[in-house]
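Contents: one structure, followed by commentary.
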Amino acid sequence: MRLAERALGISPSPTLSIDAKAKKMMAEGLDVINFGVGEPDFDTPDNIKQAAIEAINKGMTKYTPVPGTDKLREAIVKKLKKDNGLDYQPSQIVVSAGAKHSLYNVFQVLCQSGDEVILPAPYWVSYLEQVKLAGASPVIVPTRASEGFKLTPGELESAITGKTRVVVINSPSNPTGAVYSRSELKALGEILESKGIAIISDEIYEELIYDGLEHVSIASLSPGLKELTVVINGLSKSHAMTGWRIGYAAAPVPVAKAMADLQSHSTSNPNSIAQVASVEALEGTREPLRNMVNEFNRRRDFMLERVNAVPGLSCAKPGGAFYLFPDMSSYIGKLYNGKRIEGASDLAALLLEEARVALVPGVAFGDDHCFRLSYATSMEKITEGMNRIERLLSEIS
Ligand code: PMP
Ligand code: GLU
């Protein structure tokens with residue numbers, strides 16, 4: 001059967017593929033340490049699970065409005081006001097099957113052939129494919145470790161052309177953990193507002209932020225920027241709810257309407273039970289979340305120290321998310337058992353095969369001088385995984 005060109009152009013999500021490979025090896029009895037996937041290792045808090053059980057018992061098992069129940073959209077409106085200083089109406093909120101789905105919808109309704117979408121690199125893996133699926137062209141703008149992997153106003157300005165339609169901002173960032181400050185966002189926002197370029201602001205790691213840093217939504221900086229921005233967020237990371245598949249977008253009314261209309265012909269409403277659970281997640285106790293963030297903070301500090309103690313690796317302190325993105329370029333051109341290492345992909349393959357440590361090579365994020373380690377795993381596993389990495393790297397010369 002012939003596949004459409006659209007399908008032929010898609011590469012599978014590398015983060016999910018590496019996770020699947022690591023899990024398969026584990027199921028085969030191999031002792032793999034998985035620093036691959038970005039998924040909280042904590043269980044969904046009990047109050048959220050209980051809300052879902054009650055929803056089932058009460059028969060809340062039918063279709064809901066396509067963009068989500070009134071209750072959930074109102075809870076999201078309240079959250080955006082309280083945490084982000086943003087004023088939306090429920091009609092501006094579209095709930096989808098995860099933030100990945102929200103992003104898919106927004107690229108579909110904003111972008112078309114001939115449009116350019118600026119992706120600061122390192123970028124999260126799915127942006128690239130979703131931009132292409134929308135028929136638009138990704139414009140990858142490398143950022144530098146020395147700038148904290150953040151796009152500078154100069155770099156943004158040089159990347160903008162007459163075709164630039166959207167810029168993606170992801171703060172805190174996957175994979176670098178970079179957190180843009182208010183003034184950094186202001187500087188970028190002024191340029192984008194003056195040129196009327198739309199912004200997709202992926203804020204899924206908002207809650208996972210350390211060292212007293214402040215999460216700022218670029219949409220909150222001026223009424224003009226709010227009109228140009230689609231805020232993307234969700235419950236996967238903040239509430240350890242990856243499997244429940246709830247994400248959302250907050251957008252100007254015509255964009256929200258277009259996203260809901262598109263969704264009405266694809267998935268319809270997101271899961272009704274997960275929506276009830278999400279209301280509890282947003283309105284219930286924040287205690288489990290605080291504990292989770294404290295634990296991530298502890299792991300980040302520990303893993304960062306271990307990484308920077310390995311000769312030839314260097315990693316700046318990330319302000320958010322649950323990833324480290326160390327530079328490994330000093331290993332490029334060196335040999336392991338006679339095999340030459342050309343980039344982080346080779347190193348990642350070696351680490352998986354020889355040391356049984358899964359991680360994601362930077363090429364997946366547009367930078368193969370680095371690799372991504374997820375510290376969403378226990379201290380014991382971090383210790384063991386880092387011992388293995390250190391050992392294997394010491395055998396490279
Ligand atoms: N954005 C970023 C930056 C991510 O890392 C992820 C990965 N989970 C998502 C969006 C999508 O999250 P989900 O679909 O699980 O809500
Ligand atoms: N976003 C997570 C990651 O980057 C989960 C996997 C995915 O959705 O791609 O690992």
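Labels used: A, B, ... for chains in the order of the structure tokens, numbers from 1 for residues in each chain, and numbers from 1 for ligands as shown.
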Shell of 7 Å around ligand 2 (only C-alpha atoms and all ligand atoms), written as a ChimeraX atom specification: /A:13,15-16,36-39,100,124-126,174
Helix (DSSP H, G or I) positions in range 42-270 of chain A, given as a ChimeraX atom specification: /A:46-57,70-84,90-92,99-110,125-133,145-147,153-159,182-195,218-220,223-228,242-244,253-264
Interatomic distance (Å, one decimal) between CA of Pro14 in chain A and CA of Ser201 in chain A: 22.1 Å
Neighbour list for Cys315 in chain A as a list in words, cut-off 8 Å, only C-alpha atoms, skip fewer than 2 positions in-chain: Leu304, Val307, Asn308, Leu313, Lys317, Leu324, Phe325, Pro326 and Asp327 of chain A
Close residues, Lys163 in chain A itself excluded, 10 Å, only C-alpha atoms, min 2 positions apart in chain, as a list in words: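 Counting only C-alpha atoms, the residues come to Gly114, Asp115, Glu116, Val117, Ala136, Ser137, Ile160, Thr161, Arg165, Val166 and Ile197 of chain A.
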Distance filter 10 Å around ligand 1, atoms: only C-alpha atoms and all ligand atoms, out as number ranges by chain: A: 15-16, 37-40, 96-104, 123-127, 169-175, 177, 201-205, 232-238, 240-248, 321-323
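Of the residues under consideration (A:Ser194, A:Gln263, A:Ser329, A:Ser278), A:Ser329 shows the shortest atom-to-atom contact distance to Asp346 in chain A when counting only C-alpha atoms.
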